[in-house]
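> Can you keep this structure in mind? I'll have questions shortly.
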Amino acid sequence: MSKTHSVRVDAHQHFWDPARFRYPWMDDAALDPVRRPYTPDDLAGELTANGIDGTVLVQTVADLAETRLFLDIARETPFVHGVVGWVDLTSPTVGEVLDELLDEYGALLVGIRHQVHDEDDAAWLGRPDVRHGLAQVAARGLAYDLLVRTRELPAATAAVAALPDLRFVLDHIAKPGIAGGWDEPWAAAIVHLAALPNVRVKLSGMVTEADWTNWSAETLRPFIDRVIDLFTVDRVMFGSDWPVCLLAASAYGDVVDAVSTVLSGLSPTESEQVFGRNAQTYYRLPGS
């Protein structure tokens, strides 16, 4: 029997429709180039062209209606292997909401996320109501995506340490200031998070933290190298952050190629981990 190819997974992509939801982060005029609907039809051909078999679809707005919409999309779209949705972590009924979603959609719901870096309070993840919500996520075997910058890394690290049974995933390597060159505060702060065993990190969202008009794989290399050194290949996963990435990249494939170039020294087994197996196992994607 011939060996089947390893499943390649994009662990971080989005869909949206500005006519259906209001996205506060899209108020900036710089986002005009992506201010239109993005649907599975827009992504399917890009995945095929770049040898990506499946994706994790990630929330974009604090609205339970979007979570349900994304889970409906996942039901109908074979390449969407799982959804990281949103629920109100501060609600006393967060557990009941999670149970309703799991009862209706089952294993398609793989994680929860909140746009923590948009909160005024840098220590939002340390609030008792938020910690209660995170504990409810953990109790149901779901992952939690950390959307933070350097400012929130201390609170994120404390949350990860306080909830050892919760599987955390750091999005976008915590958004270092790549456009300004080496970001030492980020590099120092991420060390403490990486030391904790119950957190993984996505090599995603980097091109839009670089100079949108002047970046290359070599621009990203020091930051990817830092992450690989701290987390090891066992704990990192590729994500495109499509279609946000189109603000800085001309096409989906540019992001795949850039990360692949930086990681070209990995063994085939290590590459399979970063480009699929780690996402499959840590998110517990259906069929993995």
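We label chains A, B, ... in the order they appear in the structure tokens, count residues from 1 in each chain, and number ligands from 1 in the order shown.
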Could you please write out, as a PyMOL selection string, every residue of stretch 60-168 of chain A that DSSP assigns to alpha helix (DSSP H)?
chain A and resi 64-76+94-105+128-139+153-162
> Let's have the selection written as a JSON list (two decimals), in the first residue's frame, with C-alpha atoms.

```
[["chain", "number", "residue", "atom", "x", "y", "z"],
["A", 64, "LEU", "CA", -21.93, 34.86, 18.50],
["A", 65, "ALA", "CA", -23.81, 35.08, 15.20],
["A", 66, "GLU", "CA", -20.49, 34.98, 13.35],
["A", 67, "THR", "CA", -19.47, 31.87, 15.27],
["A", 68, "ARG", "CA", -22.65, 30.10, 14.22],
["A", 69, "LEU", "CA", -22.20, 31.29, 10.64],
["A", 70, "PHE", "CA", -18.63, 29.97, 10.54],
["A", 71, "LEU", "CA", -19.73, 26.62, 11.95],
["A", 72, "ASP", "CA", -22.44, 26.42, 9.28],
["A", 73, "ILE", "CA", -19.79, 27.19, 6.66],
["A", 74, "ALA", "CA", -17.58, 24.44, 8.08],
["A", 75, "ARG", "CA", -20.42, 21.95, 7.75],
["A", 76, "GLU", "CA", -20.73, 22.79, 4.06],
["A", 94, "VAL", "CA", -20.58, 31.00, 29.02],
["A", 95, "GLY", "CA", -20.57, 27.29, 29.86],
["A", 96, "GLU", "CA", -24.16, 26.87, 28.71],
["A", 97, "VAL", "CA", -23.41, 28.74, 25.47],
["A", 98, "LEU", "CA", -20.44, 26.47, 24.77],
["A", 99, "ASP", "CA", -22.56, 23.40, 25.47],
["A", 100, "GLU", "CA", -25.22, 24.58, 23.03],
["A", 101, "LEU", "CA", -22.63, 25.10, 20.30],
["A", 102, "LEU", "CA", -21.04, 21.71, 20.93],
["A", 103, "ASP", "CA", -24.41, 19.98, 20.99],
["A", 104, "GLU", "CA", -25.31, 21.54, 17.64],
["A", 105, "TYR", "CA", -21.96, 21.44, 15.83],
["A", 128, "PRO", "CA", -11.82, 36.79, 37.51],
["A", 129, "ASP", "CA", -14.76, 36.66, 35.10],
["A", 130, "VAL", "CA", -12.44, 36.06, 32.15],
["A", 131, "ARG", "CA", -10.54, 33.36, 34.02],
["A", 132, "HIS", "CA", -13.86, 31.68, 34.82],
["A", 133, "GLY", "CA", -14.71, 31.75, 31.12],
["A", 134, "LEU", "CA", -11.35, 30.28, 30.18],
["A", 135, "ALA", "CA", -11.88, 27.50, 32.70],
["A", 136, "GLN", "CA", -15.19, 26.70, 31.00],
["A", 137, "VAL", "CA", -13.37, 26.48, 27.66],
["A", 138, "ALA", "CA", -10.84, 24.09, 29.21],
["A", 139, "ALA", "CA", -13.55, 21.94, 30.79],
["A", 153, "LEU", "CA", 2.11, 39.06, 26.98],
["A", 154, "PRO", "CA", 2.62, 39.20, 30.77],
["A", 155, "ALA", "CA", -1.11, 38.70, 31.41],
["A", 156, "ALA", "CA", -1.23, 35.98, 28.75],
["A", 157, "THR", "CA", 1.70, 34.19, 30.36],
["A", 158, "ALA", "CA", 0.02, 34.37, 33.77],
["A", 159, "ALA", "CA", -3.22, 32.95, 32.32],
["A", 160, "VAL", "CA", -1.41, 30.07, 30.63],
["A", 161, "ALA", "CA", 0.40, 29.27, 33.88],
["A", 162, "ALA", "CA", -2.82, 29.45, 35.92]]
```
> Where does DSSP see strand (DSSP E) in stretch 35-263 of chain A, if you list the residues as a PyMOL selection string?
chain A and resi 54-58+80-85+109-114+143-146+167-170+199-203+236-238
> Looking at A:Val148, A:Ala143, A:Val207, A:Ile173, which one is nearest to A:Glu119, with distances taken over only C-alpha atoms?
A:Val148
> Which polymer residues have any atom within 10 Å of an atom of stretch 17-19 of chain A, counting only C-alpha atoms, with same-chain residues fewer than 4 positions away left out, as a list in words?
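The neighbour list is Tyr23, Met26, Val34, Arg35, Arg36, Pro37, Tyr38 and Thr39 of chain A.
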> Find the spatial neighbours of A:Ile178, counting only C-alpha atoms, within a cut-off of 7 Å - ignore same-chain residues fewer than 3 positions away - and output them as a VMD selection string.
chain A and resid 181 to 183 209 to 210
> Could you dump the residues just selected with all heavy atoms as a PDB file, in the first residue's frame?

```
ATOM      1  N   GLY A 181      12.260  46.773  12.564  1.00  0.00           N
ATOM      2  CA  GLY A 181      13.473  46.014  12.799  1.00  0.00           C
ATOM      3  C   GLY A 181      13.296  45.088  13.983  1.00  0.00           C
ATOM      4  O   GLY A 181      12.179  44.720  14.337  1.00  0.00           O
ATOM      5  N   TRP A 182      14.387  44.688  14.603  1.00  0.00           N
ATOM      6  CA  TRP A 182      14.297  43.756  15.712  1.00  0.00           C
ATOM      7  C   TRP A 182      13.532  44.367  16.881  1.00  0.00           C
ATOM      8  O   TRP A 182      13.748  45.518  17.237  1.00  0.00           O
ATOM      9  CB  TRP A 182      15.694  43.347  16.167  1.00  0.00           C
ATOM     10  CG  TRP A 182      15.674  42.292  17.231  1.00  0.00           C
ATOM     11  CD1 TRP A 182      16.121  42.425  18.510  1.00  0.00           C
ATOM     12  CD2 TRP A 182      15.153  40.971  17.120  1.00  0.00           C
ATOM     13  NE1 TRP A 182      15.914  41.246  19.213  1.00  0.00           N
ATOM     14  CE2 TRP A 182      15.313  40.328  18.382  1.00  0.00           C
ATOM     15  CE3 TRP A 182      14.540  40.248  16.085  1.00  0.00           C
ATOM     16  CZ2 TRP A 182      14.914  39.023  18.614  1.00  0.00           C
ATOM     17  CZ3 TRP A 182      14.141  38.942  16.321  1.00  0.00           C
ATOM     18  CH2 TRP A 182      14.330  38.347  17.567  1.00  0.00           C
ATOM     19  N   ASP A 183      12.625  43.587  17.473  1.00  0.00           N
ATOM     20  CA  ASP A 183      11.761  44.051  18.556  1.00  0.00           C
ATOM     21  C   ASP A 183      12.213  43.380  19.857  1.00  0.00           C
ATOM     22  O   ASP A 183      11.741  42.291  20.196  1.00  0.00           O
ATOM     23  CB  ASP A 183      10.306  43.703  18.228  1.00  0.00           C
ATOM     24  CG  ASP A 183       9.313  44.293  19.204  1.00  0.00           C
ATOM     25  OD1 ASP A 183       9.727  44.624  20.338  1.00  0.00           O
ATOM     26  OD2 ASP A 183       8.122  44.408  18.842  1.00  0.00           O
ATOM     27  N   GLU A 209       2.727  42.885   9.901  1.00  0.00           N
ATOM     28  CA  GLU A 209       3.492  43.605  10.919  1.00  0.00           C
ATOM     29  C   GLU A 209       4.803  44.131  10.342  1.00  0.00           C
ATOM     30  O   GLU A 209       5.501  44.912  10.994  1.00  0.00           O
ATOM     31  CB  GLU A 209       3.781  42.694  12.113  1.00  0.00           C
ATOM     32  CG  GLU A 209       2.535  42.200  12.835  1.00  0.00           C
ATOM     33  CD  GLU A 209       1.648  43.328  13.320  1.00  0.00           C
ATOM     34  OE1 GLU A 209       2.177  44.328  13.840  1.00  0.00           O
ATOM     35  OE2 GLU A 209       0.406  43.211  13.182  1.00  0.00           O
ATOM     36  N   ALA A 210       5.141  43.708   9.131  1.00  0.00           N
ATOM     37  CA  ALA A 210       6.311  44.219   8.414  1.00  0.00           C
ATOM     38  C   ALA A 210       5.906  45.439   7.595  1.00  0.00           C
ATOM     39  O   ALA A 210       4.728  45.850   7.594  1.00  0.00           O
ATOM     40  CB  ALA A 210       6.879  43.128   7.510  1.00  0.00           C
TER      41      ALA A 210
END
```
> Counting only C-alpha atoms, which residues of stretch 105-178 of chain A fall within 6 Å of stretch 185-199 of chain A, and what is the closest atom pair for each with its distance in Å at one decimal, ordered by chain and rising number, as a Markdown table?

```
| residue | atom | partner | partner_atom | distance |
| --- | --- | --- | --- | --- |
| A:Thr150 | CA | A:Trp186 | CA | 5.3 |
| A:Thr157 | CA | A:Leu193 | CA | 5.0 |
| A:Arg167 | CA | A:Asn198 | CA | 5.4 |
| A:Phe168 | CA | A:Val199 | CA | 4.5 |
| A:Val169 | CA | A:Val199 | CA | 5.4 |
| A:Pro176 | CA | A:Trp186 | CA | 5.9 |
```
> Give me, please, the distance in Å between atom CA of A:Ala279 and atom CA of A:Lys202, quoted to one decimal.
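Separation between atom CA of A:Ala279 and atom CA of A:Lys202: 9.1 Å.
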> Taking only C-alpha atoms into account, which of A:Glu272, A:Asp254, A:Asp165, A:Glu218 comes nearest A:Asn50?
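Of A:Glu272, A:Asp254, A:Asp165, A:Glu218, the one nearest A:Asn50, counting only C-alpha atoms, is A:Asp254.
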> Which one is closest to A:Val83: A:Val255, A:Gln59, A:Arg20, A:Val274? Count only C-alpha atoms.
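Smallest separation from A:Val83 among the options: A:Gln59.
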> Pick out the closest residue to A:Thr60 from this set: A:Val9, A:Leu166, A:Val244, A:Val201. Count only C-alpha atoms.
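For A:Thr60, the nearest of the candidates is A:Val244.
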> Show which residues sit within 10 Å of A:Trp25, as a PDB file with N, CA, C and O atoms, in the first residue's frame. Count only C-alpha atoms, and ignore same-chain residues fewer than 4 positions away.

```
ATOM      1  N   LEU A  31      -7.427  49.645   5.599  1.00  0.00           N
ATOM      2  CA  LEU A  31      -8.027  48.334   5.346  1.00  0.00           C
ATOM      3  C   LEU A  31      -8.919  48.312   4.110  1.00  0.00           C
ATOM      4  O   LEU A  31      -9.487  47.272   3.769  1.00  0.00           O
ATOM      5  N   THR A  60     -13.532  36.822  13.678  1.00  0.00           N
ATOM      6  CA  THR A  60     -13.037  38.157  13.356  1.00  0.00           C
ATOM      7  C   THR A  60     -13.760  39.253  14.123  1.00  0.00           C
ATOM      8  O   THR A  60     -13.322  40.408  14.093  1.00  0.00           O
ATOM      9  N   VAL A  61     -14.859  38.914  14.801  1.00  0.00           N
ATOM     10  CA  VAL A  61     -15.654  39.935  15.476  1.00  0.00           C
ATOM     11  C   VAL A  61     -16.314  39.305  16.709  1.00  0.00           C
ATOM     12  O   VAL A  61     -16.588  38.103  16.731  1.00  0.00           O
ATOM     13  N   GLN A 115     -10.500  39.209  20.866  1.00  0.00           N
ATOM     14  CA  GLN A 115      -9.476  40.173  20.443  1.00  0.00           C
ATOM     15  C   GLN A 115      -8.939  40.938  21.658  1.00  0.00           C
ATOM     16  O   GLN A 115      -9.239  42.105  21.880  1.00  0.00           O
ATOM     17  N   ASP A 118      -7.297  44.467  21.733  1.00  0.00           N
ATOM     18  CA  ASP A 118      -8.143  45.651  21.557  1.00  0.00           C
ATOM     19  C   ASP A 118      -8.790  46.115  22.862  1.00  0.00           C
ATOM     20  O   ASP A 118      -9.470  47.142  22.887  1.00  0.00           O
TER      21      ASP A 118
END
```
> May I have the residues within 6 Å of A:Val80 as JSON, numbers by chain, using only C-alpha atoms and disregarding those fewer than 3 positions away in the same chain?
{"A": [54, 55, 74, 77]}
